[in-house]
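The data block below is final_2.cif; it holds mmCIF, C-alpha atoms.
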data_run
#
loop_
_atom_site.label_atom_id
_atom_site.label_comp_id
_atom_site.auth_asym_id
_atom_site.auth_seq_id
_atom_site.Cartn_x
_atom_site.Cartn_y
_atom_site.Cartn_z
CA MET A 1200 7.70 -49.95 -7.02
CA LYS A 1201 9.33 -49.94 -3.58
CA GLN A 1202 10.64 -46.40 -4.15
CA THR A 1203 7.17 -45.18 -5.13
CA PHE A 1204 5.63 -46.75 -2.03
CA PHE A 1205 8.35 -45.21 0.17
CA ILE A 1206 7.68 -41.72 -1.23
CA PHE A 1207 3.93 -42.20 -0.71
CA LEU A 1208 4.54 -43.30 2.89
CA LEU A 1209 6.71 -40.27 3.60
CA ALA A 1210 4.06 -37.97 2.17
CA LEU A 1211 1.37 -39.63 4.26
CA LEU A 1212 3.43 -39.31 7.43
CA SER A 1213 4.22 -35.67 6.68
CA PHE A 1214 0.55 -34.89 6.18
CA SER A 1215 -0.34 -36.70 9.41
CA VAL A 1216 2.21 -34.69 11.41
CA PHE A 1217 1.05 -31.44 9.82
CA ALA A 1218 -2.61 -32.22 10.50
CA GLN A 1219 -1.86 -32.90 14.16
CA SER A 1220 0.25 -29.77 14.63
CA PRO A 1221 -1.67 -27.03 16.45
CA ALA A 1222 -2.23 -23.78 14.54
CA PRO A 1223 0.13 -20.99 15.62
CA LYS A 1224 -1.36 -18.94 18.44
CA LYS A 1225 -2.59 -15.58 17.28
CA GLU A 1226 -0.78 -12.55 18.65
CA PHE A 1227 -2.38 -9.47 20.17
CA TYR A 1228 -1.24 -5.96 19.23
CA GLU A 1229 -1.39 -2.55 20.86
CA ILE A 1230 -1.00 0.55 18.69
CA ARG A 1231 -0.64 3.91 20.44
CA GLU A 1232 -0.93 7.18 18.53
CA TYR A 1233 0.56 10.14 20.40
CA GLU A 1234 -0.38 13.67 19.34
CA LEU A 1235 2.50 15.93 20.36
CA ARG A 1236 2.03 19.36 21.91
CA PHE A 1237 3.29 22.51 20.20
CA GLY A 1238 6.26 23.99 21.98
CA SER A 1239 7.07 20.92 24.05
CA PRO A 1240 10.14 18.93 22.96
CA ALA A 1241 9.39 15.47 21.65
CA SER A 1242 12.64 14.31 23.25
CA ASN A 1243 10.87 14.13 26.64
CA LEU A 1244 8.57 11.43 25.23
CA GLU A 1245 11.18 9.71 23.09
CA ASN A 1246 13.64 9.42 25.96
CA TYR A 1247 10.86 7.74 27.96
CA PHE A 1248 10.26 5.23 25.16
CA LYS A 1249 13.96 4.60 24.59
CA ASN A 1250 15.22 4.51 28.17
CA ALA A 1251 12.23 3.28 30.20
CA LEU A 1252 9.27 1.75 28.36
CA ILE A 1253 11.01 -0.36 25.71
CA PRO A 1254 13.76 -1.76 27.99
CA THR A 1255 11.14 -2.69 30.57
CA LEU A 1256 8.85 -4.33 28.03
CA ASN A 1257 11.84 -6.30 26.73
CA ARG A 1258 12.77 -7.39 30.24
CA LEU A 1259 9.20 -8.55 30.86
CA GLY A 1260 9.21 -10.63 27.68
CA VAL A 1261 7.80 -8.30 25.01
CA LYS A 1262 10.06 -8.07 21.96
CA ASN A 1263 10.07 -6.09 18.69
CA VAL A 1264 8.52 -2.85 19.93
CA GLY A 1265 8.20 -0.39 17.07
CA VAL A 1266 8.25 3.41 17.32
CA PHE A 1267 7.50 5.44 14.20
CA LYS A 1268 7.16 9.04 13.02
CA GLU A 1269 5.08 10.22 10.12
CA ILE A 1270 6.63 10.95 6.74
CA GLY A 1271 5.25 14.22 5.40
CA LYS A 1272 4.78 15.50 8.91
CA SER A 1273 1.28 16.30 10.13
CA GLU A 1274 0.49 19.24 12.40
CA PRO A 1275 0.60 18.58 15.25
CA ALA A 1276 3.22 15.89 14.84
CA LYS A 1277 2.43 12.31 15.85
CA ILE A 1278 4.40 9.33 17.12
CA TYR A 1279 3.13 5.76 16.71
CA VAL A 1280 4.08 2.94 19.07
CA PHE A 1281 3.47 -0.71 18.12
CA ILE A 1282 3.64 -3.31 20.90
CA PRO A 1283 3.19 -7.02 20.02
CA TYR A 1284 2.01 -9.48 22.67
CA THR A 1285 1.85 -13.25 22.46
CA SER A 1286 -1.76 -13.16 23.67
CA ILE A 1287 -4.40 -10.96 25.29
CA GLU A 1288 -3.43 -12.61 28.58
CA GLN A 1289 0.14 -11.34 28.22
CA TYR A 1290 -1.20 -7.87 27.45
CA ALA A 1291 -3.18 -7.85 30.72
CA THR A 1292 -0.24 -9.25 32.69
CA ILE A 1293 2.24 -6.70 31.32
CA LYS A 1294 -0.16 -3.84 31.98
CA ASN A 1295 -0.36 -4.84 35.64
CA GLN A 1296 3.40 -5.36 35.89
CA LEU A 1297 4.13 -1.88 34.53
CA ASN A 1298 1.99 -0.41 37.31
CA SER A 1299 4.05 -2.06 40.04
CA ASP A 1300 7.54 -2.59 38.59
CA GLU A 1301 10.04 -0.65 40.73
CA LYS A 1302 12.78 -0.64 38.10
CA PHE A 1303 10.34 0.81 35.56
CA LYS A 1304 9.35 3.54 38.03
CA GLU A 1305 13.02 4.40 38.50
CA LEU A 1306 13.67 4.58 34.76
CA SER A 1307 10.54 6.70 34.26
CA GLN A 1308 11.36 9.21 36.98
CA ASP A 1309 12.35 12.07 34.66
CA TYR A 1310 9.28 11.53 32.51
CA ASN A 1311 6.89 11.27 35.46
CA SER A 1312 8.29 14.42 37.09
CA LEU A 1313 7.45 16.64 34.09
CA LEU A 1314 5.13 19.50 35.01
CA PRO A 1315 1.92 20.11 32.99
CA ASP A 1316 3.47 22.89 30.91
CA LYS A 1317 6.21 20.46 29.80
CA ALA A 1318 3.88 17.59 28.93
CA PRO A 1319 5.13 16.18 25.60
CA TYR A 1320 1.75 15.15 24.20
CA ALA A 1321 -1.81 16.44 24.25
CA ARG A 1322 -3.51 13.01 24.13
CA TYR A 1323 -2.85 9.53 22.91
CA THR A 1324 -5.27 6.94 21.59
CA THR A 1325 -4.90 3.18 21.84
CA SER A 1326 -6.14 0.46 19.52
CA LEU A 1327 -6.08 -3.23 20.42
CA LEU A 1328 -5.88 -5.77 17.61
CA LEU A 1329 -6.17 -9.53 17.27
CA ALA A 1330 -3.93 -11.02 14.58
CA PHE A 1331 -5.52 -12.59 11.49
CA ASP A 1332 -5.78 -16.33 10.97
CA GLY A 1333 -3.84 -15.85 7.73
CA LEU A 1334 -0.92 -14.17 9.52
CA PRO A 1335 -1.17 -15.16 13.19
CA GLN A 1336 2.24 -13.75 14.09
CA MET A 1337 3.99 -10.58 12.98
CA ILE A 1338 6.94 -10.66 10.59
CA LYS A 1339 9.90 -8.50 11.54
CA PRO A 1340 11.20 -6.79 8.37
CA GLY A 1341 14.80 -6.75 7.26
CA THR A 1342 17.07 -3.80 7.93
CA GLU A 1343 16.84 -2.66 4.31
CA GLN A 1344 13.06 -2.17 4.61
CA ARG A 1345 12.73 1.14 6.41
CA PHE A 1346 9.59 2.60 4.84
CA PHE A 1347 6.24 1.61 6.30
CA GLU A 1348 2.61 2.02 5.33
CA LEU A 1349 -0.05 1.70 8.02
CA ARG A 1350 -3.53 1.15 6.58
CA THR A 1351 -6.93 1.01 8.28
CA TYR A 1352 -10.00 -0.25 6.43
CA GLU A 1353 -13.30 0.90 7.87
CA SER A 1354 -16.45 -1.09 7.09
CA PHE A 1355 -20.07 0.03 7.21
CA SER A 1356 -21.14 -2.95 9.33
CA GLU A 1357 -19.76 -5.82 11.40
CA ASP A 1358 -20.67 -8.30 8.68
CA ALA A 1359 -18.85 -6.26 6.04
CA ALA A 1360 -15.76 -6.23 8.27
CA ARG A 1361 -16.04 -10.00 8.76
CA ARG A 1362 -16.23 -10.54 5.01
CA LYS A 1363 -13.18 -8.33 4.43
CA ARG A 1364 -11.18 -10.33 6.98
CA LYS A 1365 -12.28 -13.51 5.23
CA MET A 1366 -11.12 -12.04 1.92
CA PHE A 1367 -7.67 -11.38 3.38
CA ASN A 1368 -7.36 -14.74 5.15
CA GLU A 1369 -8.46 -16.88 2.21
CA ASP A 1370 -7.15 -14.97 -0.81
CA GLU A 1371 -5.75 -11.48 -0.48
CA ILE A 1372 -2.73 -12.14 1.75
CA LYS A 1373 -1.41 -14.65 -0.82
CA ILE A 1374 -1.83 -12.06 -3.57
CA PHE A 1375 0.04 -9.52 -1.44
CA TYR A 1376 3.05 -11.83 -1.29
CA ASN A 1377 2.84 -12.60 -4.99
CA THR A 1378 3.02 -8.88 -5.80
CA LYS A 1379 5.70 -8.09 -3.16
CA LEU A 1380 3.42 -6.28 -0.74
CA TYR A 1381 5.18 -7.62 2.32
CA PRO A 1382 3.22 -7.35 5.59
CA VAL A 1383 4.45 -6.79 9.11
CA PHE A 1384 1.07 -7.67 10.63
CA PHE A 1385 -2.67 -7.86 9.99
CA GLY A 1386 -5.09 -7.25 12.83
CA GLU A 1387 -8.79 -7.06 13.57
CA VAL A 1388 -9.36 -3.96 15.70
CA VAL A 1389 -11.22 -5.23 18.77
CA ALA A 1390 -11.03 -1.95 20.72
CA GLY A 1391 -10.28 1.56 19.53
CA GLU A 1392 -11.39 4.13 17.00
CA HIS A 1393 -12.96 3.70 13.53
CA GLN A 1394 -14.95 0.57 14.39
CA PRO A 1395 -15.67 -1.78 12.73
CA CYS A 1396 -12.30 -1.94 11.01
CA LEU A 1397 -9.04 -3.75 10.45
CA THR A 1398 -5.49 -2.40 10.42
CA TYR A 1399 -2.33 -3.71 8.82
CA MET A 1400 1.23 -2.61 8.11
CA LEU A 1401 3.35 -3.11 4.99
CA THR A 1402 7.07 -2.52 4.57
CA PHE A 1403 9.14 -1.30 1.61
CA LYS A 1404 12.56 0.09 0.82
CA ASN A 1405 11.16 3.42 -0.34
CA MET A 1406 8.13 5.14 -1.87
CA GLU A 1407 9.14 4.17 -5.41
CA GLU A 1408 9.09 0.48 -4.53
CA ARG A 1409 5.80 0.95 -2.74
CA ASP A 1410 4.13 2.58 -5.76
CA ALA A 1411 5.45 -0.06 -8.17
CA ASN A 1412 4.29 -2.97 -6.01
CA TRP A 1413 0.82 -1.53 -5.44
CA LYS A 1414 0.55 -1.04 -9.21
CA ALA A 1415 1.43 -4.70 -9.72
CA PHE A 1416 -1.19 -5.68 -7.15
CA SER A 1417 -3.91 -3.66 -8.89
CA ALA A 1418 -3.07 -5.32 -12.21
CA ASP A 1419 -2.87 -8.86 -10.81
CA ALA A 1420 -5.31 -11.24 -12.49
CA ASP A 1421 -6.05 -13.14 -9.29
CA TRP A 1422 -6.82 -9.89 -7.46
CA LYS A 1423 -9.22 -8.84 -10.21
CA ARG A 1424 -10.96 -12.20 -9.93
CA VAL A 1425 -11.25 -12.15 -6.14
CA SER A 1426 -12.28 -8.49 -5.87
CA ALA A 1427 -15.15 -9.12 -8.31
CA LEU A 1428 -16.71 -11.88 -6.20
CA PRO A 1429 -20.18 -10.87 -4.90
CA GLU A 1430 -19.43 -12.07 -1.36
CA TYR A 1431 -16.74 -9.39 -1.04
CA ALA A 1432 -18.79 -6.49 -2.40
CA ASN A 1433 -19.08 -3.36 -0.23
CA THR A 1434 -16.67 -4.54 2.44
CA VAL A 1435 -14.60 -1.33 2.72
CA SER A 1436 -16.21 2.08 3.14
CA ARG A 1437 -13.08 4.15 3.89
CA ILE A 1438 -9.31 3.69 3.83
CA ILE A 1439 -6.97 5.59 6.17
CA ARG A 1440 -3.29 5.36 5.32
CA VAL A 1441 -0.20 6.78 7.01
CA PHE A 1442 3.40 6.61 5.81
CA LEU A 1443 5.91 6.04 8.59
CA GLU A 1444 9.62 5.90 9.24
CA PRO A 1445 11.12 4.17 12.28
CA THR A 1446 13.00 6.07 14.97
CA THR A 1447 16.64 5.20 15.54
CA TYR A 1448 15.71 3.16 18.62
CA SER A 1449 12.73 1.34 17.09
CA GLN A 1450 13.06 -2.44 17.21
CA ILE A 1451 11.18 -2.82 13.93
#

Translate this file's structure into structure tokens.
Amino acid sequence: MKQTFFIFLLALLSFSVFAQSPAPKKEFYEIREYELRFGSPASNLENYFKNALIPTLNRLGVKNVGVFKEIGKSEPAKIYVFIPYTSIEQYATIKNQLNSDEKFKELSQDYNSLLPDKAPYARYTTSLLLAFDGLPQMIKPGTEQRFFELRTYESFSEDAARRKRKMFNEDEIKIFYNTKLYPVFFGEVVAGEHQPCLTYMLTFKNMEERDANWKAFSADADWKRVSALPEYANTVSRIIRVFLEPTTYSQI
């Protein structure tokens, strides 16, 4: 009887501590998509990332910066940069610091001195994302997971996008883990293209593992149940997917 009471007391205390613990603070993500120029070496841009931008971000407190190239190269080629921040406040602070940091200016000198005919990219777009409640902080993948899938789900309305986020937060993320669809992050796009939408990244060892795990997801009984619920009907109007591989200097 005493042992039973002791176990009950421990459980009660554990629940009390958990209930009082604040929820993890949601991260804020920046995704840049650079469209490279024909005839201009990508090394000019990559050297800037490797030798100036990433070291400076790390020094200022931003870790796990990812730089990726497309698999099955598009024309013109593209480079994706993923920058995780602890909050939108840190994003604003870092942006201001980059504008005034003397060491960063020194490291960027070669890049900033390029003439227009040597510009490495035509344009780049930026999307800003707020992490999901169901995955408030990114998960850095292991070194054996070097194949990435970046997916954007467009919705036909703000309410449809809200319902899709709810579907992920309450049910779908758990099903992802059960079927070995391992995420790096999930984010609501708060500024950028394709609005309203969400974007997330998955990681695999290779395309074969990716195809097998998505097949398992599609056949999962819980997924079939959740996807048939009326509240989640018509939440996604278009899916954009890109397969990526990290550069040698990527921190993800």

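Neighbours of A:Gln1289 closer than or equal to 10 Å, with only C-alpha atoms counted and sequence neighbours fewer than 6 positions away skipped, come out as Glu1226, Phe1227, Leu1259, Gly1260, Val1261, Pro1283 and Asn1295 of chain A.
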
Write out as a Markdown table a residue-level contact list of stretch 1277-1331 of chain A versus stretch 1351-1368 of chain A with cut-off 12 Å: for each qualifying residue the closest pair of atoms and the distance in Å to one decimal, counting only C-alpha atoms, rows sorted by chain and residue number upward.
| residue | atom | partner | partner_atom | distance |
| --- | --- | --- | --- | --- |
| A:Ser1326 | CA | A:Thr1351 | CA | 11.3 |
| A:Leu1328 | CA | A:Thr1351 | CA | 11.6 |
| A:Leu1329 | CA | A:Arg1364 | CA | 11.5 |
| A:Ala1330 | CA | A:Arg1364 | CA | 10.5 |
| A:Phe1331 | CA | A:Asn1368 | CA | 6.9 |

File of the preceding selection, C-alpha atoms, as a compact mmCIF listing (two decimals), keeping the file's coordinate frame:
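Result written to out04.txt:
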# COMPACT_ATOMS: atom_id res chain seq x y z
CA SER A 1326 -6.14 0.46 19.52
CA LEU A 1328 -5.88 -5.77 17.61
CA LEU A 1329 -6.17 -9.53 17.27
CA ALA A 1330 -3.93 -11.02 14.58
CA PHE A 1331 -5.52 -12.59 11.49

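With only C-alpha atoms as the atoms that count, the minimum distance from A:Pro1445 to the choices A:Phe1346, A:Pro1315, A:Ser1273, A:Glu1245 is reached by A:Phe1346.
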
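For the file at hand, the PyMOL selection byres ((chain A and resi 1413) around 12) resolves to Glu1348, Ile1374, Phe1375, Tyr1376, Asn1377, Thr1378, Lys1379, Leu1380, Tyr1381, Leu1401, Thr1402, Phe1403, Met1406, Glu1407, Glu1408, Arg1409, Asp1410, Ala1411, Asn1412, Lys1414, Ala1415, Phe1416, Ser1417, Ala1418, Asp1419 and Trp1422 of chain A.
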
* To do: Between atom CA of A:Leu1306 and atom CA of A:Arg1258, measure the distance and give it in Å to one decimal.
  => 12.8 Å

Let me know the centre plus edge lengths, in Å and rounded to one decimal, of a box with edges along x, y and z that contains all listed atoms of stretch 1405-1417 of chain A and is padded by 4 Å on every side, as lines of an AutoDock Vina configuration file.
center_x = 3.6
center_y = -0.3
center_z = -5.0
size_x = 23.1
size_y = 18.8
size_z = 17.4

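Each of A:Tyr1431, A:Tyr1448, A:Phe1384, A:Tyr1310 was checked against A:Ile1253 using only C-alpha atoms; the smallest atom-to-atom distance is that of A:Tyr1448.
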
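When the PyMOL selection byres ((chain A and resi 1392) around 10) is run on the displayed coordinates, the residues it returns are A:Thr1324, A:Thr1325, A:Ser1326, A:Leu1327, A:Glu1353, A:Val1388, A:Val1389, A:Ala1390, A:Gly1391, A:His1393, A:Gln1394, A:Pro1395, A:Cys1396.
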